[in-house]
Amino acid sequence: MAMPDLADLDAFAAVARAGGFRAAAITRGVSASSLSEALRRLEKNLGVRLIQRTTRSVTLTEAGNRLLERLAPALGEVGAAVDAVNSFRDSPIGTLRLNVPTVVARIVLPRLVTRFLRQHPDIVLEVMAEDTFIDVLAAGFDAGVRYDERLERDMIAVPIGPRRQRYVAAASPAYFAAHGRPAHPRDLLDHACIRHRFASGAALSWEFERDGEAVKVVPHGPLVSSNGDLEIAAAVDGLGILCTFEGFIAAELASGALERVLDDWLPPFSGPFLYYHSRRHMPGPLRAFVDFLKREQRA
């Protein structure tokens, strides 16, 4: 048996961590067929099946589990050894992979990305924006961004973007003229509401709080969507009341196309955090990004 190619071993680990060829291919920025071919070569070289493939998922065999268990730390050490060269450079080089909620990709990162990459021209930033909750480190990302989640043990959290954000409820002046304004969150049950459904299938209730009174409303209305732009356009057209991040509709609020309602029932909340594993070697690009965020917060 010849020594397996390191790239094939790395491809196997990526597929195993991501739970599928397609997810691993998206993370790595390669084709699923190239990962499949790498795994085929590795299994042929080792003479044992490592992954059971189905049309929907992949499952590690006992041999695959044993290999991944020993291989993951070794690949981490290889990556750390290569990244150590960054300490001899004026600017770090490499790829930084982040997994972030769509709201962060839309209203937080645009104010940071250009400045960061201009300061570090040898870094490539890959951002996966999604609202499903995954183990971002196991999926091959260097770090993730989340809101007020309880971080697992050995995780470090660094503030990113504004420290306070808020939701707003809003509708068009024409809608309010035709249907009136709700004075209490429970009044929303008598209004047409525009709801957001996440990729997981969840359509969350709307939560309000004032003077110690908390109210949770399950709204109903003519539109349920997973696309924020469609929801905003529908609200501007007078279809109903929308509840979303203030940053999503800042332009519409400023222009008067949408007007706030129940504002005193929607207090601000803590902004997002970048988080990463404290015990893993911190790659040069991630270290540079963390240092950049800390400078931004001080400024």
# chains A, B, ... in the order shown; residues from 1 in each chain; ligands from 1

$ select_by_dssp --residues "stretch 114-261 of chain A" --states "strand (DSSP E or B)" --output "PyMOL selection string"
chain A and resi 123-129+143-146+155-159+164-165+167-171+193-196+206-210+213-217+223-225+241-245+259-261

$ write_last_selection --atoms "N, CA and C atoms" --output "short mmCIF file (atom, residue, chain, number, x, y, z; two decimals), in the first residue's frame"
data_model
loop_
_atom_site.label_atom_id
_atom_site.label_comp_id
_atom_site.auth_asym_id
_atom_site.auth_seq_id
_atom_site.Cartn_x
_atom_site.Cartn_y
_atom_site.Cartn_z
N ILE A 123 -5.08 37.92 1.73
CA ILE A 123 -6.09 37.07 2.34
C ILE A 123 -7.31 36.98 1.42
N VAL A 124 -7.84 35.78 1.28
CA VAL A 124 -9.09 35.56 0.56
C VAL A 124 -10.17 35.26 1.61
N LEU A 125 -11.25 36.03 1.57
CA LEU A 125 -12.34 35.86 2.53
C LEU A 125 -13.49 35.11 1.87
N GLU A 126 -13.88 33.98 2.44
CA GLU A 126 -15.04 33.22 1.97
C GLU A 126 -16.13 33.30 3.03
N VAL A 127 -17.31 33.78 2.64
CA VAL A 127 -18.42 33.95 3.56
C VAL A 127 -19.60 33.11 3.10
N MET A 128 -20.06 32.23 3.99
CA MET A 128 -21.28 31.46 3.74
C MET A 128 -22.38 32.06 4.62
N ALA A 129 -23.40 32.64 3.99
CA ALA A 129 -24.50 33.26 4.73
C ALA A 129 -25.69 32.31 4.76
N ALA A 143 -14.42 30.22 11.65
CA ALA A 143 -15.16 30.89 12.72
C ALA A 143 -16.59 31.09 12.27
N GLY A 144 -17.45 31.44 13.22
CA GLY A 144 -18.85 31.72 12.92
C GLY A 144 -19.27 33.01 13.57
N VAL A 145 -20.43 33.50 13.19
CA VAL A 145 -21.02 34.69 13.80
C VAL A 145 -22.43 34.33 14.23
N ARG A 146 -22.79 34.65 15.47
CA ARG A 146 -24.11 34.34 15.98
C ARG A 146 -24.56 35.42 16.96
N MET A 155 -14.81 28.05 23.66
CA MET A 155 -15.05 28.98 22.57
C MET A 155 -14.74 30.40 23.03
N ILE A 156 -14.23 31.20 22.12
CA ILE A 156 -13.95 32.61 22.38
C ILE A 156 -14.89 33.44 21.53
N ALA A 157 -15.48 34.49 22.11
CA ALA A 157 -16.40 35.37 21.40
C ALA A 157 -15.82 36.77 21.33
N VAL A 158 -15.87 37.37 20.14
CA VAL A 158 -15.37 38.72 19.92
C VAL A 158 -16.49 39.55 19.28
N PRO A 159 -16.82 40.71 19.83
CA PRO A 159 -17.88 41.53 19.23
C PRO A 159 -17.56 41.89 17.78
N ARG A 164 -25.46 47.23 19.68
CA ARG A 164 -26.89 47.19 19.94
C ARG A 164 -27.62 47.21 18.61
N GLN A 165 -28.60 46.33 18.47
CA GLN A 165 -29.46 46.30 17.30
C GLN A 165 -30.90 46.15 17.78
N TYR A 167 -35.21 45.05 16.41
CA TYR A 167 -36.25 44.78 15.43
C TYR A 167 -37.19 45.98 15.37
N VAL A 168 -37.85 46.13 14.24
CA VAL A 168 -38.91 47.13 14.13
C VAL A 168 -40.10 46.49 13.45
N ALA A 169 -41.28 46.94 13.83
CA ALA A 169 -42.51 46.59 13.12
C ALA A 169 -42.89 47.80 12.28
N ALA A 170 -43.25 47.57 11.03
CA ALA A 170 -43.51 48.70 10.14
C ALA A 170 -44.47 48.28 9.03
N ALA A 171 -45.14 49.28 8.49
CA ALA A 171 -46.01 49.09 7.33
C ALA A 171 -46.06 50.40 6.57
N CYS A 193 -50.25 40.40 8.42
CA CYS A 193 -48.82 40.43 8.74
C CYS A 193 -48.03 39.67 7.68
N ILE A 194 -46.82 40.10 7.49
CA ILE A 194 -45.90 39.47 6.52
C ILE A 194 -44.87 38.70 7.32
N ARG A 195 -44.82 37.39 7.15
CA ARG A 195 -43.97 36.54 7.98
C ARG A 195 -42.77 36.03 7.21
N HIS A 196 -41.72 35.74 7.98
CA HIS A 196 -40.49 35.19 7.40
C HIS A 196 -40.36 33.72 7.80
N TRP A 206 -43.59 36.49 16.86
CA TRP A 206 -43.06 37.82 17.12
C TRP A 206 -43.12 38.09 18.61
N GLU A 207 -42.01 38.57 19.19
CA GLU A 207 -41.93 38.77 20.63
C GLU A 207 -41.78 40.26 20.95
N PHE A 208 -42.54 40.71 21.94
CA PHE A 208 -42.55 42.11 22.34
C PHE A 208 -42.38 42.19 23.86
N GLU A 209 -41.84 43.33 24.31
CA GLU A 209 -41.65 43.51 25.75
C GLU A 209 -41.69 45.00 26.09
N ARG A 210 -42.40 45.32 27.21
CA ARG A 210 -42.44 46.70 27.69
C ARG A 210 -42.78 46.71 29.16
N GLU A 213 -43.66 43.51 30.87
CA GLU A 213 -44.71 42.68 30.24
C GLU A 213 -44.17 42.11 28.92
N ALA A 214 -44.16 40.81 28.79
CA ALA A 214 -43.71 40.15 27.56
C ALA A 214 -44.92 39.57 26.83
N VAL A 215 -44.96 39.79 25.54
CA VAL A 215 -46.08 39.32 24.72
C VAL A 215 -45.51 38.60 23.51
N LYS A 216 -46.01 37.40 23.25
CA LYS A 216 -45.60 36.62 22.08
C LYS A 216 -46.82 36.47 21.17
N VAL A 217 -46.65 36.84 19.92
CA VAL A 217 -47.75 36.82 18.96
C VAL A 217 -47.39 35.91 17.80
N LEU A 223 -48.82 36.65 3.20
CA LEU A 223 -47.51 36.31 2.63
C LEU A 223 -46.60 35.72 3.69
N VAL A 224 -46.03 34.56 3.37
CA VAL A 224 -44.96 33.95 4.16
C VAL A 224 -43.82 33.69 3.18
N SER A 225 -42.61 34.19 3.49
CA SER A 225 -41.52 34.11 2.52
C SER A 225 -40.19 33.85 3.21
N ILE A 241 -48.16 44.32 7.72
CA ILE A 241 -47.16 44.77 8.68
C ILE A 241 -46.00 43.79 8.68
N LEU A 242 -44.80 44.31 8.67
CA LEU A 242 -43.57 43.51 8.64
C LEU A 242 -42.80 43.75 9.94
N CYS A 243 -42.22 42.69 10.49
CA CYS A 243 -41.35 42.81 11.66
C CYS A 243 -40.00 42.22 11.28
N THR A 244 -38.96 43.07 11.32
CA THR A 244 -37.65 42.62 10.84
C THR A 244 -36.56 43.46 11.46
N PHE A 245 -35.31 43.16 11.12
CA PHE A 245 -34.18 43.95 11.61
C PHE A 245 -34.31 45.39 11.10
N GLU A 259 -43.47 53.09 7.87
CA GLU A 259 -43.55 53.80 9.13
C GLU A 259 -43.56 52.80 10.29
N ARG A 260 -42.88 53.18 11.36
CA ARG A 260 -42.79 52.31 12.53
C ARG A 260 -44.12 52.24 13.27
N VAL A 261 -44.26 51.13 14.00
CA VAL A 261 -45.41 50.98 14.89
C VAL A 261 -44.96 50.11 16.07
#

$ residues_around --residues "A:Pro272" --least-positions-apart "2" --cutoff "8 Å" --atoms "only C-alpha atoms" --output "PDB file with N, CA, C and O atoms, in the first residue's frame"
ATOM      1  N   VAL A 104     -26.182  39.408   9.150  1.00  0.00           N
ATOM      2  CA  VAL A 104     -24.807  39.885   9.324  1.00  0.00           C
ATOM      3  C   VAL A 104     -24.156  40.131   7.967  1.00  0.00           C
ATOM      4  O   VAL A 104     -23.451  41.122   7.770  1.00  0.00           O
ATOM      5  N   VAL A 145     -20.434  33.502  13.187  1.00  0.00           N
ATOM      6  CA  VAL A 145     -21.023  34.691  13.801  1.00  0.00           C
ATOM      7  C   VAL A 145     -22.435  34.327  14.229  1.00  0.00           C
ATOM      8  O   VAL A 145     -23.195  33.743  13.455  1.00  0.00           O
ATOM      9  N   ARG A 146     -22.790  34.652  15.469  1.00  0.00           N
ATOM     10  CA  ARG A 146     -24.112  34.339  15.985  1.00  0.00           C
ATOM     11  C   ARG A 146     -24.558  35.422  16.963  1.00  0.00           C
ATOM     12  O   ARG A 146     -23.762  36.225  17.443  1.00  0.00           O
ATOM     13  N   TYR A 147     -25.848  35.403  17.281  1.00  0.00           N
ATOM     14  CA  TYR A 147     -26.433  36.328  18.241  1.00  0.00           C
ATOM     15  C   TYR A 147     -26.711  35.616  19.551  1.00  0.00           C
ATOM     16  O   TYR A 147     -27.360  34.573  19.575  1.00  0.00           O
ATOM     17  N   ASP A 148     -26.221  36.166  20.646  1.00  0.00           N
ATOM     18  CA  ASP A 148     -26.604  35.764  22.006  1.00  0.00           C
ATOM     19  C   ASP A 148     -26.811  34.275  22.190  1.00  0.00           C
ATOM     20  O   ASP A 148     -27.741  33.841  22.852  1.00  0.00           O
ATOM     21  N   PRO A 159     -16.816  40.709  19.828  1.00  0.00           N
ATOM     22  CA  PRO A 159     -17.877  41.529  19.226  1.00  0.00           C
ATOM     23  C   PRO A 159     -17.561  41.894  17.776  1.00  0.00           C
ATOM     24  O   PRO A 159     -16.407  42.170  17.430  1.00  0.00           O
ATOM     25  N   ILE A 160     -18.582  41.888  16.951  1.00  0.00           N
ATOM     26  CA  ILE A 160     -18.427  42.279  15.552  1.00  0.00           C
ATOM     27  C   ILE A 160     -19.614  43.162  15.174  1.00  0.00           C
ATOM     28  O   ILE A 160     -20.766  42.813  15.425  1.00  0.00           O
ATOM     29  N   GLY A 161     -19.347  44.320  14.607  1.00  0.00           N
ATOM     30  CA  GLY A 161     -20.420  45.204  14.193  1.00  0.00           C
ATOM     31  C   GLY A 161     -21.006  45.985  15.357  1.00  0.00           C
ATOM     32  O   GLY A 161     -20.414  46.083  16.436  1.00  0.00           O
ATOM     33  N   PRO A 162     -22.201  46.554  15.176  1.00  0.00           N
ATOM     34  CA  PRO A 162     -22.828  47.372  16.223  1.00  0.00           C
ATOM     35  C   PRO A 162     -23.134  46.555  17.459  1.00  0.00           C
ATOM     36  O   PRO A 162     -23.514  45.398  17.369  1.00  0.00           O
ATOM     37  N   ARG A 163     -22.940  47.175  18.622  1.00  0.00           N
ATOM     38  CA  ARG A 163     -23.160  46.438  19.867  1.00  0.00           C
ATOM     39  C   ARG A 163     -24.631  46.383  20.259  1.00  0.00           C
ATOM     40  O   ARG A 163     -25.017  45.616  21.133  1.00  0.00           O
ATOM     41  N   SER A 270     -28.498  42.820  22.149  1.00  0.00           N
ATOM     42  CA  SER A 270     -27.057  42.748  21.920  1.00  0.00           C
ATOM     43  C   SER A 270     -26.731  42.397  20.481  1.00  0.00           C
ATOM     44  O   SER A 270     -27.402  41.580  19.850  1.00  0.00           O
ATOM     45  N   LEU A 274     -18.386  37.238  16.778  1.00  0.00           N
ATOM     46  CA  LEU A 274     -17.573  36.257  16.070  1.00  0.00           C
ATOM     47  C   LEU A 274     -17.073  35.262  17.108  1.00  0.00           C
ATOM     48  O   LEU A 274     -16.615  35.659  18.184  1.00  0.00           O
TER      49      LEU A 274
END

$ atom_distance --atom1 "atom CA of A:Ser205" --atom2 "atom CA of A:Ser172"
21.4 Å

$ atom_distance --atom1 "atom CA of A:Asp237" --atom2 "atom CA of A:Val108"
26.7 Å

$ residues_around --residues "A:Phe133" --least-positions-apart "6" --cutoff "10 Å" --atoms "only C-alpha atoms" --output "JSON, numbers by chain"
{"A": [99, 100, 101, 146, 200]}

$ write_last_selection --atoms "all heavy atoms" --output "PDB file, in the first residue's frame"
ATOM      1  N   ASN A  99     -18.875  31.504   8.611  1.00  0.00           N
ATOM      2  CA  ASN A  99     -20.287  31.152   8.479  1.00  0.00           C
ATOM      3  C   ASN A  99     -21.076  32.167   9.281  1.00  0.00           C
ATOM      4  O   ASN A  99     -20.870  32.308  10.490  1.00  0.00           O
ATOM      5  CB  ASN A  99     -20.531  29.732   9.004  1.00  0.00           C
ATOM      6  CG  ASN A  99     -21.966  29.296   8.826  1.00  0.00           C
ATOM      7  OD1 ASN A  99     -22.840  29.685   9.586  1.00  0.00           O
ATOM      8  ND2 ASN A  99     -22.213  28.474   7.827  1.00  0.00           N
ATOM      9  N   VAL A 100     -22.000  32.892   8.613  1.00  0.00           N
ATOM     10  CA  VAL A 100     -22.681  34.003   9.276  1.00  0.00           C
ATOM     11  C   VAL A 100     -24.174  33.975   8.966  1.00  0.00           C
ATOM     12  O   VAL A 100     -24.588  33.446   7.928  1.00  0.00           O
ATOM     13  CB  VAL A 100     -22.092  35.361   8.837  1.00  0.00           C
ATOM     14  CG1 VAL A 100     -20.580  35.380   9.013  1.00  0.00           C
ATOM     15  CG2 VAL A 100     -22.460  35.692   7.397  1.00  0.00           C
ATOM     16  N   PRO A 101     -25.002  34.550   9.829  1.00  0.00           N
ATOM     17  CA  PRO A 101     -26.420  34.720   9.490  1.00  0.00           C
ATOM     18  C   PRO A 101     -26.569  35.709   8.338  1.00  0.00           C
ATOM     19  O   PRO A 101     -25.722  36.584   8.140  1.00  0.00           O
ATOM     20  CB  PRO A 101     -27.033  35.289  10.783  1.00  0.00           C
ATOM     21  CG  PRO A 101     -26.026  35.011  11.854  1.00  0.00           C
ATOM     22  CD  PRO A 101     -24.698  35.013  11.189  1.00  0.00           C
ATOM     23  N   ARG A 146     -22.790  34.652  15.469  1.00  0.00           N
ATOM     24  CA  ARG A 146     -24.112  34.339  15.985  1.00  0.00           C
ATOM     25  C   ARG A 146     -24.558  35.422  16.963  1.00  0.00           C
ATOM     26  O   ARG A 146     -23.762  36.225  17.443  1.00  0.00           O
ATOM     27  CB  ARG A 146     -24.113  32.972  16.699  1.00  0.00           C
ATOM     28  CG  ARG A 146     -23.944  31.781  15.767  1.00  0.00           C
ATOM     29  CD  ARG A 146     -25.125  31.587  14.855  1.00  0.00           C
ATOM     30  NE  ARG A 146     -24.993  30.430  13.981  1.00  0.00           N
ATOM     31  CZ  ARG A 146     -24.517  30.468  12.748  1.00  0.00           C
ATOM     32  NH1 ARG A 146     -24.078  31.613  12.250  1.00  0.00           N
ATOM     33  NH2 ARG A 146     -24.452  29.375  12.021  1.00  0.00           N
ATOM     34  N   SER A 200     -34.913  26.210   7.608  1.00  0.00           N
ATOM     35  CA  SER A 200     -35.239  25.033   8.427  1.00  0.00           C
ATOM     36  C   SER A 200     -36.730  24.720   8.416  1.00  0.00           C
ATOM     37  O   SER A 200     -37.148  23.663   8.859  1.00  0.00           O
ATOM     38  CB  SER A 200     -34.788  25.272   9.867  1.00  0.00           C
ATOM     39  OG  SER A 200     -35.504  26.354  10.442  1.00  0.00           O
TER      40      SER A 200
END

$ closest_residue --among "A:Gly19, A:Gly284, A:Pro182, A:Pro92" --to "A:Val58" --atoms "only C-alpha atoms"
A:Gly19

$ atom_distance --atom1 "atom CA of A:Pro283" --atom2 "atom CA of A:Asp5"
22.9 Å

$ residues_around --residues "A:Leu188" --least-positions-apart "2" --cutoff "9 Å" --atoms "only C-alpha atoms" --output "list of chain:residue names"
A:Pro182, A:Ala183, A:His184, A:Pro185, A:Arg186, A:Asp190, A:His191, A:Ala192, A:Cys193, A:Val217, A:Val218, A:Pro219, A:His220, A:Ile241

$ residues_around --residues "A:Ala24" --least-positions-apart "6" --cutoff "7 Å" --atoms "only C-alpha atoms" --output "ChimeraX atom specification"
/A:14-15,18

$ closest_residue --among "A:Val103, A:Leu117, A:Ala288, A:Leu46" --to "A:Phe248" --atoms "only C-alpha atoms"
A:Val103

$ closest_residue --among "A:Thr114, A:Arg28, A:Glu37, A:Asp154" --to "A:His277" --atoms "only C-alpha atoms"
A:Asp154

$ residues_around --residues "A:Arg40" --least-positions-apart "6" --cutoff "10 Å" --atoms "only C-alpha atoms" --output "list of chain:residue names"
A:Asp8, A:Phe12, A:Ser34, A:Arg49, A:Leu50, A:Ile51

$ write_last_selection --atoms "all heavy atoms" --output "mmCIF file, in the first residue's frame"
data_model
loop_
_atom_site.group_PDB
_atom_site.id
_atom_site.type_symbol
_atom_site.label_atom_id
_atom_site.label_comp_id
_atom_site.auth_asym_id
_atom_site.auth_seq_id
_atom_site.Cartn_x
_atom_site.Cartn_y
_atom_site.Cartn_z
ATOM 1 N N ASP A 8 -5.894 13.918 -0.833
ATOM 2 C CA ASP A 8 -7.012 12.976 -0.791
ATOM 3 C C ASP A 8 -7.480 12.757 0.646
ATOM 4 O O ASP A 8 -8.685 12.644 0.909
ATOM 5 C CB ASP A 8 -6.611 11.647 -1.421
ATOM 6 C CG ASP A 8 -6.376 11.760 -2.921
ATOM 7 O OD1 ASP A 8 -6.766 12.791 -3.499
ATOM 8 O OD2 ASP A 8 -5.803 10.814 -3.502
ATOM 9 N N PHE A 12 -11.222 13.632 2.126
ATOM 10 C CA PHE A 12 -12.030 12.701 2.928
ATOM 11 C C PHE A 12 -12.489 13.364 4.219
ATOM 12 O O PHE A 12 -13.667 13.278 4.601
ATOM 13 C CB PHE A 12 -11.212 11.444 3.247
ATOM 14 C CG PHE A 12 -11.712 10.686 4.448
ATOM 15 C CD1 PHE A 12 -12.897 9.959 4.385
ATOM 16 C CD2 PHE A 12 -11.008 10.716 5.642
ATOM 17 C CE1 PHE A 12 -13.370 9.281 5.502
ATOM 18 C CE2 PHE A 12 -11.468 10.043 6.761
ATOM 19 C CZ PHE A 12 -12.653 9.324 6.690
ATOM 20 N N SER A 34 -14.900 16.387 -7.903
ATOM 21 C CA SER A 34 -13.474 16.286 -7.582
ATOM 22 C C SER A 34 -13.264 15.649 -6.215
ATOM 23 O O SER A 34 -12.319 14.873 -6.009
ATOM 24 C CB SER A 34 -12.816 17.663 -7.635
ATOM 25 O OG SER A 34 -13.289 18.504 -6.590
ATOM 26 N N ARG A 49 -13.459 0.431 2.290
ATOM 27 C CA ARG A 49 -14.465 1.471 2.106
ATOM 28 C C ARG A 49 -14.505 2.349 3.350
ATOM 29 O O ARG A 49 -14.561 1.859 4.475
ATOM 30 C CB ARG A 49 -15.837 0.850 1.854
ATOM 31 C CG ARG A 49 -16.941 1.893 1.610
ATOM 32 C CD ARG A 49 -18.234 1.254 1.174
ATOM 33 N NE ARG A 49 -18.120 0.709 -0.181
ATOM 34 C CZ ARG A 49 -18.246 1.428 -1.283
ATOM 35 N NH1 ARG A 49 -18.472 2.734 -1.191
ATOM 36 N NH2 ARG A 49 -18.149 0.859 -2.454
ATOM 37 N N LEU A 50 -14.492 3.668 3.130
ATOM 38 C CA LEU A 50 -14.488 4.629 4.227
ATOM 39 C C LEU A 50 -15.843 5.286 4.431
ATOM 40 O O LEU A 50 -16.174 5.700 5.544
ATOM 41 C CB LEU A 50 -13.438 5.720 3.961
ATOM 42 C CG LEU A 50 -11.999 5.233 3.781
ATOM 43 C CD1 LEU A 50 -11.112 6.381 3.337
ATOM 44 C CD2 LEU A 50 -11.487 4.614 5.077
ATOM 45 N N ILE A 51 -16.622 5.414 3.353
ATOM 46 C CA ILE A 51 -17.894 6.119 3.403
ATOM 47 C C ILE A 51 -18.951 5.323 2.657
ATOM 48 O O ILE A 51 -18.712 4.828 1.557
ATOM 49 C CB ILE A 51 -17.765 7.531 2.789
ATOM 50 C CG1 ILE A 51 -16.976 8.461 3.735
ATOM 51 C CG2 ILE A 51 -19.136 8.141 2.512
ATOM 52 C CD1 ILE A 51 -16.792 9.865 3.197
#

$ closest_residue --among "A:Leu239, A:Leu253, A:Ala203, A:Leu230" --to "A:Ala178" --atoms "only C-alpha atoms"
A:Leu239

$ residues_around --residues "A:Phe292" --least-positions-apart "2" --cutoff "12 Å" --atoms "only C-alpha atoms" --output "JSON, numbers by chain"
{"A": [112, 113, 114, 115, 116, 117, 118, 119, 120, 158, 159, 160, 161, 285, 286, 287, 288, 289, 290, 294, 295, 296, 297, 298, 299]}

$ write_last_selection --atoms "N, CA, C and O atoms" --output "short mmCIF file (atom, residue, chain, number, x, y, z; two decimals), in the first residue's frame"
data_model
loop_
_atom_site.label_atom_id
_atom_site.label_comp_id
_atom_site.auth_asym_id
_atom_site.auth_seq_id
_atom_site.Cartn_x
_atom_site.Cartn_y
_atom_site.Cartn_z
N LEU A 112 -17.25 46.30 6.92
CA LEU A 112 -15.98 45.82 7.43
C LEU A 112 -15.09 45.18 6.37
O LEU A 112 -13.86 45.32 6.41
N VAL A 113 -15.72 44.46 5.45
CA VAL A 113 -14.98 43.59 4.54
C VAL A 113 -13.97 44.36 3.69
O VAL A 113 -12.80 43.97 3.58
N THR A 114 -14.39 45.45 3.06
CA THR A 114 -13.49 46.16 2.15
C THR A 114 -12.27 46.70 2.89
O THR A 114 -11.13 46.56 2.42
N ARG A 115 -12.48 47.31 4.06
CA ARG A 115 -11.34 47.83 4.82
C ARG A 115 -10.39 46.72 5.24
O ARG A 115 -9.17 46.87 5.17
N PHE A 116 -10.96 45.59 5.69
CA PHE A 116 -10.11 44.48 6.12
C PHE A 116 -9.28 43.94 4.97
O PHE A 116 -8.06 43.74 5.10
N LEU A 117 -9.90 43.70 3.83
CA LEU A 117 -9.18 43.09 2.70
C LEU A 117 -8.18 44.07 2.08
O LEU A 117 -7.15 43.64 1.54
N ARG A 118 -8.44 45.36 2.17
CA ARG A 118 -7.45 46.33 1.68
C ARG A 118 -6.23 46.37 2.58
O ARG A 118 -5.12 46.60 2.11
N GLN A 119 -6.44 46.11 3.86
CA GLN A 119 -5.30 46.05 4.78
C GLN A 119 -4.53 44.74 4.64
O GLN A 119 -3.35 44.69 4.99
N HIS A 120 -5.21 43.69 4.15
CA HIS A 120 -4.59 42.37 4.03
C HIS A 120 -4.83 41.82 2.62
O HIS A 120 -5.67 40.93 2.43
N VAL A 158 -15.87 37.37 20.14
CA VAL A 158 -15.37 38.72 19.92
C VAL A 158 -16.49 39.55 19.28
O VAL A 158 -17.08 39.11 18.28
N PRO A 159 -16.82 40.71 19.83
CA PRO A 159 -17.88 41.53 19.23
C PRO A 159 -17.56 41.89 17.78
O PRO A 159 -16.41 42.17 17.43
N ILE A 160 -18.58 41.89 16.95
CA ILE A 160 -18.43 42.28 15.55
C ILE A 160 -19.61 43.16 15.17
O ILE A 160 -20.77 42.81 15.42
N GLY A 161 -19.35 44.32 14.61
CA GLY A 161 -20.42 45.20 14.19
C GLY A 161 -21.01 45.98 15.36
O GLY A 161 -20.41 46.08 16.44
N PRO A 285 -4.89 34.23 8.88
CA PRO A 285 -5.99 35.09 8.44
C PRO A 285 -7.04 35.35 9.52
O PRO A 285 -7.55 36.47 9.63
N LEU A 286 -7.35 34.34 10.35
CA LEU A 286 -8.31 34.54 11.42
C LEU A 286 -7.73 35.47 12.48
O LEU A 286 -8.43 36.36 12.99
N ARG A 287 -6.47 35.28 12.81
CA ARG A 287 -5.83 36.17 13.79
C ARG A 287 -5.87 37.61 13.31
O ARG A 287 -6.16 38.54 14.07
N ALA A 288 -5.59 37.81 12.02
CA ALA A 288 -5.62 39.16 11.46
C ALA A 288 -7.02 39.76 11.53
O ALA A 288 -7.19 40.95 11.83
N PHE A 289 -8.05 38.93 11.30
CA PHE A 289 -9.42 39.44 11.33
C PHE A 289 -9.84 39.78 12.76
O PHE A 289 -10.50 40.80 12.99
N VAL A 290 -9.47 38.95 13.72
CA VAL A 290 -9.79 39.23 15.12
C VAL A 290 -9.12 40.52 15.57
O VAL A 290 -9.74 41.38 16.22
N LYS A 294 -11.00 44.04 16.84
CA LYS A 294 -10.71 44.68 18.10
C LYS A 294 -10.33 46.14 17.88
O LYS A 294 -10.73 47.02 18.67
N ARG A 295 -9.60 46.42 16.82
CA ARG A 295 -9.26 47.82 16.51
C ARG A 295 -10.53 48.59 16.16
O ARG A 295 -10.69 49.76 16.55
N GLU A 296 -11.43 47.95 15.42
CA GLU A 296 -12.68 48.60 15.04
C GLU A 296 -13.52 48.94 16.27
O GLU A 296 -14.12 50.01 16.34
N GLN A 297 -13.57 48.03 17.24
CA GLN A 297 -14.35 48.28 18.43
C GLN A 297 -13.76 49.42 19.24
O GLN A 297 -14.48 50.25 19.81
N ARG A 298 -12.42 49.49 19.32
CA ARG A 298 -11.78 50.58 20.05
C ARG A 298 -12.04 51.92 19.37
O ARG A 298 -12.21 52.94 20.04
N ALA A 299 -12.10 51.88 18.03
CA ALA A 299 -12.33 53.12 17.29
C ALA A 299 -13.75 53.60 17.42
O ALA A 299 -14.02 54.78 17.23
#
